[in-house]
Every structure is written in C-alpha cells, then in structure tokens.
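To be precise, the following lines are protein.cif, and they hold mmCIF, C-alpha atoms.
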data_input
loop_
_atom_site.group_PDB
_atom_site.id
_atom_site.type_symbol
_atom_site.label_atom_id
_atom_site.label_comp_id
_atom_site.auth_asym_id
_atom_site.auth_seq_id
_atom_site.Cartn_x
_atom_site.Cartn_y
_atom_site.Cartn_z
ATOM 1 C CA MET A 14 -74.797 154.958 -55.917
ATOM 2 C CA CYS A 15 -71.319 153.721 -55.058
ATOM 3 C CA GLY A 16 -70.848 150.614 -52.947
ATOM 4 C CA ALA A 17 -69.950 152.629 -49.842
ATOM 5 C CA ASP A 18 -73.331 154.353 -49.860
ATOM 6 C CA LEU A 19 -75.537 151.359 -50.595
ATOM 7 C CA ILE A 20 -77.768 150.385 -47.681
ATOM 8 C CA GLU A 21 -78.560 146.739 -46.938
ATOM 9 C CA SER A 22 -81.885 146.074 -45.255
ATOM 10 C CA PRO A 23 -84.288 143.103 -45.097
ATOM 11 C CA ALA A 24 -85.889 144.642 -48.205
ATOM 12 C CA GLY A 25 -82.657 144.391 -50.217
ATOM 13 C CA PHE A 26 -80.049 146.967 -51.252
ATOM 14 C CA GLN A 27 -81.247 150.579 -51.311
ATOM 15 C CA CYS A 28 -79.901 154.085 -51.703
ATOM 16 C CA VAL A 29 -79.926 156.326 -48.641
ATOM 17 C CA ASP A 30 -83.034 158.188 -49.804
ATOM 18 C CA CYS A 31 -85.077 155.038 -50.427
ATOM 19 C CA ALA A 32 -83.991 153.522 -47.124
ATOM 20 C CA GLY A 33 -85.485 156.516 -45.324
ATOM 21 C CA PRO A 34 -85.164 157.465 -41.656
ATOM 22 C CA ASN A 35 -87.539 154.782 -40.379
ATOM 23 C CA THR A 36 -85.858 151.757 -41.943
ATOM 24 C CA ALA A 37 -83.386 149.854 -39.773
ATOM 25 C CA ALA A 38 -80.486 149.474 -42.191
ATOM 26 C CA LEU A 39 -76.699 149.498 -42.370
ATOM 27 C CA PRO A 40 -74.172 150.328 -45.093
ATOM 28 C CA LEU A 41 -73.111 147.218 -46.967
ATOM 29 C CA GLY A 42 -69.617 147.239 -45.520
ATOM 30 C CA GLU A 43 -70.872 147.277 -41.919
ATOM 31 C CA THR A 44 -73.227 144.294 -42.118
ATOM 32 C CA ALA A 45 -70.672 141.645 -41.144
ATOM 33 C CA GLN A 46 -69.368 143.802 -38.286
ATOM 34 C CA ARG A 47 -72.881 144.068 -36.787
ATOM 35 C CA ALA A 48 -73.768 140.384 -37.132
ATOM 36 C CA SER A 49 -71.746 139.142 -34.178
ATOM 37 C CA ALA A 50 -74.414 136.801 -32.767
ATOM 38 C CA THR A 51 -75.079 135.306 -36.191
ATOM 39 C CA GLY A 52 -71.380 134.765 -36.712
ATOM 40 C CA ALA A 53 -71.117 133.078 -33.318
ATOM 41 C CA LEU A 54 -73.963 130.680 -34.180
ATOM 42 C CA VAL A 55 -72.380 129.770 -37.499
ATOM 43 C CA ALA A 56 -68.985 129.327 -35.816
ATOM 44 C CA LEU A 57 -70.538 127.070 -33.181
ATOM 45 C CA ILE A 58 -72.022 124.888 -35.910
ATOM 46 C CA GLY A 59 -68.576 124.668 -37.494
ATOM 47 C CA ILE A 60 -66.944 123.716 -34.181
ATOM 48 C CA VAL A 61 -69.517 120.980 -33.572
ATOM 49 C CA ALA A 62 -68.938 119.692 -37.112
ATOM 50 C CA ALA A 63 -65.201 119.507 -36.432
ATOM 51 C CA LEU A 64 -65.796 117.622 -33.178
ATOM 52 C CA ASN A 65 -68.109 115.266 -35.019
ATOM 53 C CA ALA A 66 -65.452 114.640 -37.651
ATOM 54 C CA ILE A 67 -62.891 113.605 -35.022
ATOM 55 C CA GLY A 68 -65.402 111.521 -33.076
ATOM 56 C CA GLY A 69 -65.954 113.878 -30.158
ATOM 57 C CA LEU A 70 -69.677 114.312 -30.823
ATOM 58 C CA ASP A 71 -71.465 111.557 -32.691
ATOM 59 C CA VAL A 72 -74.922 111.607 -34.223
ATOM 60 C CA GLU A 73 -76.047 108.423 -32.467
ATOM 61 C CA THR A 74 -75.389 109.885 -29.017
ATOM 62 C CA PHE A 75 -76.489 113.475 -29.550
ATOM 63 C CA GLY A 76 -78.922 113.336 -32.480
ATOM 64 C CA LEU A 77 -82.616 113.905 -31.833
ATOM 65 C CA VAL A 78 -84.276 110.543 -31.136
ATOM 66 C CA PRO A 79 -87.804 111.176 -29.757
ATOM 67 C CA ALA A 80 -87.893 107.976 -27.692
ATOM 68 C CA SER A 81 -84.530 108.823 -26.099
ATOM 69 C CA VAL A 82 -85.783 112.296 -25.191
ATOM 70 C CA GLY A 83 -88.741 110.630 -23.482
ATOM 71 C CA LEU A 84 -86.314 108.553 -21.448
ATOM 72 C CA GLY A 85 -84.703 111.686 -20.028
ATOM 73 C CA GLU A 86 -82.080 112.617 -22.624
ATOM 74 C CA TRP A 87 -83.542 116.116 -23.148
ATOM 75 C CA TRP A 88 -80.222 117.590 -24.266
ATOM 76 C CA ARG A 89 -80.688 115.875 -27.626
ATOM 77 C CA LEU A 90 -83.272 118.568 -28.442
ATOM 78 C CA ILE A 91 -80.475 121.150 -28.278
ATOM 79 C CA MET A 92 -77.363 119.312 -29.418
ATOM 80 C CA SER A 93 -79.033 117.832 -32.490
ATOM 81 C CA ALA A 94 -79.543 121.340 -33.904
ATOM 82 C CA PHE A 95 -75.770 121.795 -34.222
ATOM 83 C CA LEU A 96 -75.000 118.392 -35.764
ATOM 84 C CA HIS A 97 -75.288 117.729 -39.495
ATOM 85 C CA GLY A 98 -75.478 114.752 -41.791
ATOM 86 C CA GLY A 99 -72.662 115.728 -44.131
ATOM 87 C CA LEU A 100 -70.777 118.629 -45.701
ATOM 88 C CA VAL A 101 -73.571 119.626 -48.103
ATOM 89 C CA HIS A 102 -76.132 119.667 -45.277
ATOM 90 C CA LEU A 103 -73.770 121.706 -43.099
ATOM 91 C CA THR A 104 -72.856 124.209 -45.829
ATOM 92 C CA PHE A 105 -76.440 124.815 -46.925
ATOM 93 C CA ASN A 106 -77.671 125.471 -43.395
ATOM 94 C CA ALA A 107 -74.667 127.592 -42.427
ATOM 95 C CA LEU A 108 -74.998 129.840 -45.483
ATOM 96 C CA LEU A 109 -78.722 130.361 -44.991
ATOM 97 C CA LEU A 110 -78.278 130.938 -41.256
ATOM 98 C CA TRP A 111 -75.617 133.545 -41.936
ATOM 99 C CA ARG A 112 -77.603 135.358 -44.614
ATOM 100 C CA LEU A 113 -80.930 135.405 -42.787
ATOM 101 C CA GLY A 114 -79.435 135.972 -39.354
ATOM 102 C CA SER A 115 -77.256 138.917 -40.408
ATOM 103 C CA LEU A 116 -80.280 140.663 -41.940
ATOM 104 C CA ILE A 117 -82.448 140.151 -38.873
ATOM 105 C CA GLU A 118 -79.721 140.988 -36.359
ATOM 106 C CA GLN A 119 -79.199 144.477 -37.745
ATOM 107 C CA VAL A 120 -82.924 145.147 -37.302
ATOM 108 C CA VAL A 121 -83.696 143.617 -33.895
ATOM 109 C CA GLY A 122 -80.277 143.300 -32.257
ATOM 110 C CA SER A 123 -78.109 140.365 -31.212
ATOM 111 C CA GLY A 124 -80.101 139.124 -28.216
ATOM 112 C CA PRO A 125 -83.482 138.869 -29.950
ATOM 113 C CA LEU A 126 -81.784 137.241 -32.955
ATOM 114 C CA VAL A 127 -80.475 134.485 -30.685
ATOM 115 C CA GLY A 128 -83.964 134.129 -29.207
ATOM 116 C CA LEU A 129 -85.535 133.807 -32.651
ATOM 117 C CA ALA A 130 -82.985 131.191 -33.743
ATOM 118 C CA ALA A 131 -83.445 129.288 -30.470
ATOM 119 C CA SER A 132 -87.224 129.350 -30.938
ATOM 120 C CA GLY A 133 -86.811 127.959 -34.436
ATOM 121 C CA MET A 134 -84.556 125.178 -33.140
ATOM 122 C CA ALA A 135 -86.956 124.391 -30.287
ATOM 123 C CA GLY A 136 -89.959 124.508 -32.594
ATOM 124 C CA GLY A 137 -88.237 122.088 -34.939
ATOM 125 C CA GLY A 138 -87.563 119.685 -32.083
ATOM 126 C CA LEU A 139 -91.192 119.886 -31.004
ATOM 127 C CA GLY A 140 -92.293 119.180 -34.564
ATOM 128 C CA VAL A 141 -90.124 116.068 -34.746
ATOM 129 C CA VAL A 142 -91.323 114.752 -31.381
ATOM 130 C CA THR A 143 -94.966 115.505 -32.187
ATOM 131 C CA LEU A 144 -94.859 113.625 -35.483
ATOM 132 C CA ALA A 145 -93.226 110.689 -33.703
ATOM 133 C CA TRP A 146 -96.081 110.748 -31.161
ATOM 134 C CA LEU A 147 -98.623 110.816 -34.004
ATOM 135 C CA ALA A 148 -96.863 107.832 -35.566
ATOM 136 C CA VAL A 149 -97.522 105.818 -32.404
ATOM 137 C CA ALA A 150 -100.720 107.253 -30.927
ATOM 138 C CA THR A 151 -102.986 107.728 -33.956
ATOM 139 C CA PRO A 152 -104.190 105.703 -36.946
ATOM 140 C CA ILE A 153 -101.898 107.742 -39.169
ATOM 141 C CA ARG A 154 -99.186 105.225 -38.291
ATOM 142 C CA SER A 155 -100.804 102.767 -40.704
ATOM 143 C CA ALA A 156 -100.537 105.162 -43.655
ATOM 144 C CA PRO A 157 -98.145 103.901 -46.338
ATOM 145 C CA ALA A 158 -94.584 105.141 -45.953
ATOM 146 C CA PHE A 159 -95.514 107.501 -43.108
ATOM 147 C CA GLY A 160 -92.050 107.506 -41.618
ATOM 148 C CA TRP A 161 -90.343 107.624 -45.007
ATOM 149 C CA PHE A 162 -92.385 110.561 -46.235
ATOM 150 C CA LEU A 163 -92.403 112.718 -43.123
ATOM 151 C CA GLY A 164 -89.066 111.657 -41.685
ATOM 152 C CA ALA A 165 -90.921 110.712 -38.509
ATOM 153 C CA GLY A 166 -90.724 107.855 -36.040
ATOM 154 C CA PRO A 167 -89.927 107.288 -32.361
ATOM 155 C CA PHE A 168 -86.479 105.901 -33.151
ATOM 156 C CA SER A 169 -85.565 108.078 -36.145
ATOM 157 C CA ILE A 170 -82.477 110.284 -35.798
ATOM 158 C CA THR A 171 -82.822 113.948 -36.792
ATOM 159 C CA VAL A 172 -79.970 116.461 -36.961
ATOM 160 C CA GLY A 173 -79.362 119.890 -38.405
ATOM 161 C CA ALA A 174 -79.895 123.628 -37.939
ATOM 162 C CA SER A 175 -82.793 123.604 -40.405
ATOM 163 C CA GLY A 176 -85.229 124.383 -37.599
ATOM 164 C CA ALA A 177 -83.342 127.607 -36.862
ATOM 165 C CA VAL A 178 -83.146 128.460 -40.569
ATOM 166 C CA PHE A 179 -86.879 127.962 -41.077
ATOM 167 C CA GLY A 180 -87.488 129.850 -37.840
ATOM 168 C CA LEU A 181 -85.613 132.874 -39.183
ATOM 169 C CA MET A 182 -87.541 132.691 -42.451
ATOM 170 C CA GLY A 183 -90.772 132.633 -40.485
ATOM 171 C CA ALA A 184 -89.585 135.574 -38.379
ATOM 172 C CA ILE A 185 -88.762 137.655 -41.466
ATOM 173 C CA VAL A 186 -92.203 136.924 -42.935
ATOM 174 C CA ILE A 187 -93.832 138.199 -39.729
ATOM 175 C CA MET A 188 -91.581 141.262 -39.701
ATOM 176 C CA PHE A 189 -92.520 142.040 -43.307
ATOM 177 C CA LEU A 190 -96.230 141.603 -42.659
ATOM 178 C CA ARG A 191 -96.041 143.946 -39.661
ATOM 179 C CA ARG A 192 -94.474 146.538 -41.958
ATOM 180 C CA GLY A 193 -97.237 146.097 -44.507
ATOM 181 C CA ILE A 194 -94.970 144.260 -46.976
ATOM 182 C CA ASP A 195 -96.468 141.225 -48.716
ATOM 183 C CA PRO A 196 -93.725 138.527 -48.809
ATOM 184 C CA TRP A 197 -95.200 136.998 -51.954
ATOM 185 C CA ALA A 198 -96.654 139.869 -53.972
ATOM 186 C CA THR A 199 -94.246 142.788 -53.546
ATOM 187 C CA THR A 200 -90.763 143.472 -54.863
ATOM 188 C CA GLU A 201 -89.405 143.980 -51.349
ATOM 189 C CA GLY A 202 -90.764 140.712 -49.994
ATOM 190 C CA SER A 203 -90.689 138.384 -52.977
ATOM 191 C CA THR A 204 -87.150 137.144 -52.321
ATOM 192 C CA ILE A 205 -87.862 135.779 -48.857
ATOM 193 C CA GLY A 206 -91.318 134.609 -49.930
ATOM 194 C CA SER A 207 -89.867 132.656 -52.832
ATOM 195 C CA LEU A 208 -87.082 131.245 -50.660
ATOM 196 C CA LEU A 209 -89.624 130.009 -48.134
ATOM 197 C CA LEU A 210 -91.906 128.446 -50.737
ATOM 198 C CA VAL A 211 -89.042 126.656 -52.508
ATOM 199 C CA ASN A 212 -87.763 125.226 -49.240
ATOM 200 C CA LEU A 213 -91.235 124.078 -48.208
ATOM 201 C CA VAL A 214 -91.699 122.322 -51.547
ATOM 202 C CA LEU A 215 -88.334 120.585 -51.119
ATOM 203 C CA THR A 216 -89.292 119.630 -47.564
ATOM 204 C CA PHE A 217 -92.307 117.638 -48.740
ATOM 205 C CA ALA A 218 -90.871 116.501 -52.094
ATOM 206 C CA VAL A 219 -87.534 115.040 -51.023
ATOM 207 C CA PRO A 220 -87.789 111.712 -49.137
ATOM 208 C CA SER A 221 -86.459 111.407 -45.584
ATOM 209 C CA ILE A 222 -86.301 115.166 -44.923
ATOM 210 C CA SER A 223 -87.659 115.988 -41.478
ATOM 211 C CA VAL A 224 -91.000 117.624 -42.173
ATOM 212 C CA GLY A 225 -91.591 118.123 -38.450
ATOM 213 C CA GLY A 226 -88.228 119.830 -38.014
ATOM 214 C CA HIS A 227 -88.780 122.257 -40.872
ATOM 215 C CA VAL A 228 -92.453 123.091 -40.333
ATOM 216 C CA GLY A 229 -92.060 123.180 -36.548
ATOM 217 C CA GLY A 230 -89.083 125.517 -36.885
ATOM 218 C CA LEU A 231 -91.057 127.786 -39.215
ATOM 219 C CA PHE A 232 -93.907 128.176 -36.751
ATOM 220 C CA GLY A 233 -91.544 128.478 -33.778
ATOM 221 C CA GLY A 234 -89.652 131.395 -35.314
ATOM 222 C CA ALA A 235 -92.817 133.082 -36.583
ATOM 223 C CA ALA A 236 -94.482 132.841 -33.164
ATOM 224 C CA ALA A 237 -91.380 134.215 -31.436
ATOM 225 C CA ALA A 238 -91.290 137.156 -33.863
ATOM 226 C CA LEU A 239 -94.744 138.172 -32.628
ATOM 227 C CA LEU A 240 -93.121 138.822 -29.242
ATOM 228 C CA LEU A 241 -90.924 141.561 -30.708
ATOM 229 C CA ASP A 242 -91.863 145.215 -30.429
ATOM 230 C CA GLY A 243 -92.550 145.794 -34.117
ATOM 231 C CA PRO A 244 -90.392 147.714 -36.634
ATOM 232 C CA ARG A 245 -88.079 150.479 -35.511
ATOM 233 C CA GLY A 246 -85.506 152.690 -37.124
ATOM 234 C CA PRO A 247 -81.777 152.928 -36.329
ATOM 235 C CA SER A 248 -82.224 155.732 -33.785
ATOM 236 C CA ARG A 249 -84.920 153.829 -31.861
ATOM 237 C CA LEU A 250 -82.865 150.642 -32.089
ATOM 238 C CA ALA A 251 -79.917 152.363 -30.459
ATOM 239 C CA ALA A 252 -82.075 153.892 -27.742
ATOM 240 C CA ARG A 253 -84.046 150.805 -26.767
ATOM 241 C CA GLY A 254 -81.470 148.697 -24.950
ATOM 242 C CA HIS A 255 -83.965 147.837 -22.232
ATOM 243 C CA GLY A 256 -86.557 146.868 -24.828
ATOM 244 C CA ARG A 257 -84.092 144.577 -26.578
ATOM 245 C CA ALA A 258 -83.223 142.909 -23.276
ATOM 246 C CA MET A 259 -86.909 142.230 -22.657
ATOM 247 C CA GLU A 260 -87.343 140.851 -26.177
ATOM 248 C CA THR A 261 -84.316 138.609 -25.636
ATOM 249 C CA MET A 262 -85.809 137.190 -22.444
ATOM 250 C CA LEU A 263 -89.223 136.718 -24.041
ATOM 251 C CA THR A 264 -87.950 134.899 -27.124
ATOM 252 C CA ILE A 265 -85.479 132.720 -25.239
ATOM 253 C CA GLY A 266 -88.151 132.007 -22.629
ATOM 254 C CA PHE A 267 -90.492 130.969 -25.427
ATOM 255 C CA ALA A 268 -87.818 128.582 -26.734
ATOM 256 C CA VAL A 269 -87.442 127.067 -23.261
ATOM 257 C CA VAL A 270 -91.205 126.538 -23.082
ATOM 258 C CA LEU A 271 -91.137 124.737 -26.445
ATOM 259 C CA VAL A 272 -88.335 122.488 -25.207
ATOM 260 C CA GLY A 273 -90.350 121.705 -22.075
ATOM 261 C CA ILE A 274 -93.414 120.802 -24.148
ATOM 262 C CA SER A 275 -91.246 118.551 -26.299
ATOM 263 C CA VAL A 276 -90.019 116.697 -23.208
ATOM 264 C CA VAL A 277 -93.601 116.169 -22.036
ATOM 265 C CA VAL A 278 -94.733 114.897 -25.453
ATOM 266 C CA ALA A 279 -91.694 112.609 -25.681
ATOM 267 C CA GLY A 280 -92.494 111.219 -22.230
ATOM 268 C CA GLU A 281 -96.037 110.409 -23.367
ATOM 269 C CA LEU A 282 -94.553 108.778 -26.456
ATOM 270 C CA VAL A 283 -92.429 106.468 -24.295
ATOM 271 C CA ARG A 284 -95.437 105.659 -22.154
ATOM 272 C CA LEU A 285 -97.375 104.594 -25.242
ATOM 273 C CA LEU A 286 -94.460 102.524 -26.508
ATOM 274 C CA GLY A 287 -94.207 100.811 -23.155
ATOM 275 C CA SER A 288 -97.893 99.923 -23.206
#
Would you write out, as structure tokens, the structure that this file holds?
Amino acid sequence: MCGADLIESPAGFQCVDCAGPNTAALPLGETAQRASATGALVALIGIVAALNAIGGLDVETFGLVPASVGLGEWWRLIMSAFLHGGLVHLTFNALLLWRLGSLIEQVVGSGPLVGLAASGMAGGGLGVVTLAWLAVATPIRSAPAFGWFLGAGPFSITVGASGAVFGLMGAIVIMFLRRGIDPWATTEGSTIGSLLLVNLVLTFAVPSISVGGHVGGLFGGAAAALLLDGPRGPSRLAARGHGRAMETMLTIGFAVVLVGISVVVAGELVRLLGS
C-alpha cells in the first residue's frame, strides 16, 4: 500500500481492507488535521512552559502542594498539570500526549478526548493528595523513605502532565478491552500494553517520581473511558454529535468530581496537620 492509502488507527497502521468498515480510522495524512484538541493541549503546555521560563508562572506558586490545596488554593490541582520540571520532562510528556491524544481523538472526538485528559489530570491530583494524607494519617508515614520512594508528602511539590498521559494510556486500554483486544497478548494491543508496563516500572523504580500522580492518572482516565459509548465506526462517529456532547459532559463532569474529592481530602490533611 502507498502512504496515501495507509490507515492509522489505535491498532496501528493498516490497509483499507484490514481497517474494515467498523474501525474508526483516518488516512495517515489526515491524522494531524483531526487532532485539534490534542494540539491545543500540547500548545497550552508549551505556552505555560514559556511563561515559566520568563517568570510569569513559577512552580512554587502554582505547583501541586497538598497542604496548600487544603488551605484553599484549589487551582494548584489544575495549574500544576501544565507546569514541568525541565525540558526533558516537558518534551517527554508533550510527545506522549500528542501521540496518544491524536489516536484517541480520531476515535471518540475532540470533546471526549479533552474529558479523558482532564480526568487523567484530576485523577493524578487526587492520587498525590491521597498519598500525602496517608503519609500523615496512617502508620505508613513511619516506613523508611516513604516520601522519597512514592514522591509523597503534604509539602512536596508535584508538576507535570503525566497524569493526563497515564490517563490516556488507561483510556486506550479500556477501549481495547471493550473491542476484545488484549493489550498485552495481541499484536494490535501489545504496543500500548508494553508502553504502559514500561512507564509503570519506571514510576516505581526511579526515585522521587510521583507515584500518586501516575497511578491516580491511570485510574482516572480508565474510569472516564468507561463513560464512553463503546467503539464506533467513522459513519457512526460522524452521526453521533449529540452522543459526543453527552460523553464530553460526562467525562469533564467526572474530572470535576475528582477535583472536588481532592479538595476535601486536602482539607482533612490540613486538619490533621493542625492537630
């Protein structure tokens, strides 16, 4: 097949016959044109990075500090997802966000893609806050190097779009499973399955990485994907504008709920610190 006829789908590159009528897919050359929401998210991360570089947005003021969230600075749960701890951190997250987001967006549409990414971000924030609460409220705080190993603590600063990235990986896994594709034991799913496993290993193996942010983002995106209306082909995708709007509201609403829970948990954290 020539490049113009190759079809890109979440299962990889396929010819038109293999893609079939029921697979939501686009020709290779059209992928970037149909990933407008993904491109906007990546661009926003780049803009925030530029503002950070010139001092407009600093990590200390806008990074995710669980104790500060408990004191009313809830916006840290959102802003921290767009800040990064350096060029390598920024580049890695931006590339993964673009690759995963562009694949998902052509299947579910722009609105649900934003909802899935937001749910991953919110889930990551909840994971960070929850681990900080565990570090104060339970005996686990006495475990050796708890904060060092899990990247947790009431005053630790967490930044990055990793929650969204892990959320999109979790969403793709759910989408594959709903199609009957095993993400770890089939040719179609092995790429995303391997990517997820490698990143989880790095999450627990590399010191100071936010385990709560990554694992929370994974579960946030996976849970949000369950709110989608299952697989659909290109014709159904084009005809289901109302369905996509509902999925957008459901996934974004789910992200808002996760943010609200994070605020409540952070408030309890502050109460425990005060006592």
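When all atoms listed in the file are used to compute distances to A:Trp146, the closest of the residues A:Gly202, A:Gly229, A:Gly280, A:Gly122 turns out to be A:Gly280.
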_Counting all atoms listed in the file, I want the residues whose atoms come within 10 Å of (-76.0, 113.5, -33.4) in the file frame, returned as a ChimeraX atom specification._
/A:61,65,70-78,89,92-98,170-173
*Would you work out the distance separating atom CA of A:Leu285 from atom CA of A:Ile91, expressed in Å to one decimal?*
23.9 Å
*Which is closest to A:Ser169 among A:Ile205, A:Ile153, A:Val82, A:Leu190, if we use all atoms listed in the file?*
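Using all atoms listed in the file, the shortest distance to A:Ser169 belongs to A:Val82.
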*Spell out the residues picked by the PyMOL selection byres ((chain A and resi 145) around 12) here, as a ChimeraX atom specification.*
/A:77-83,138-144,146-151,153-154,159-160,163-171,223-226,275,278-283,285-286
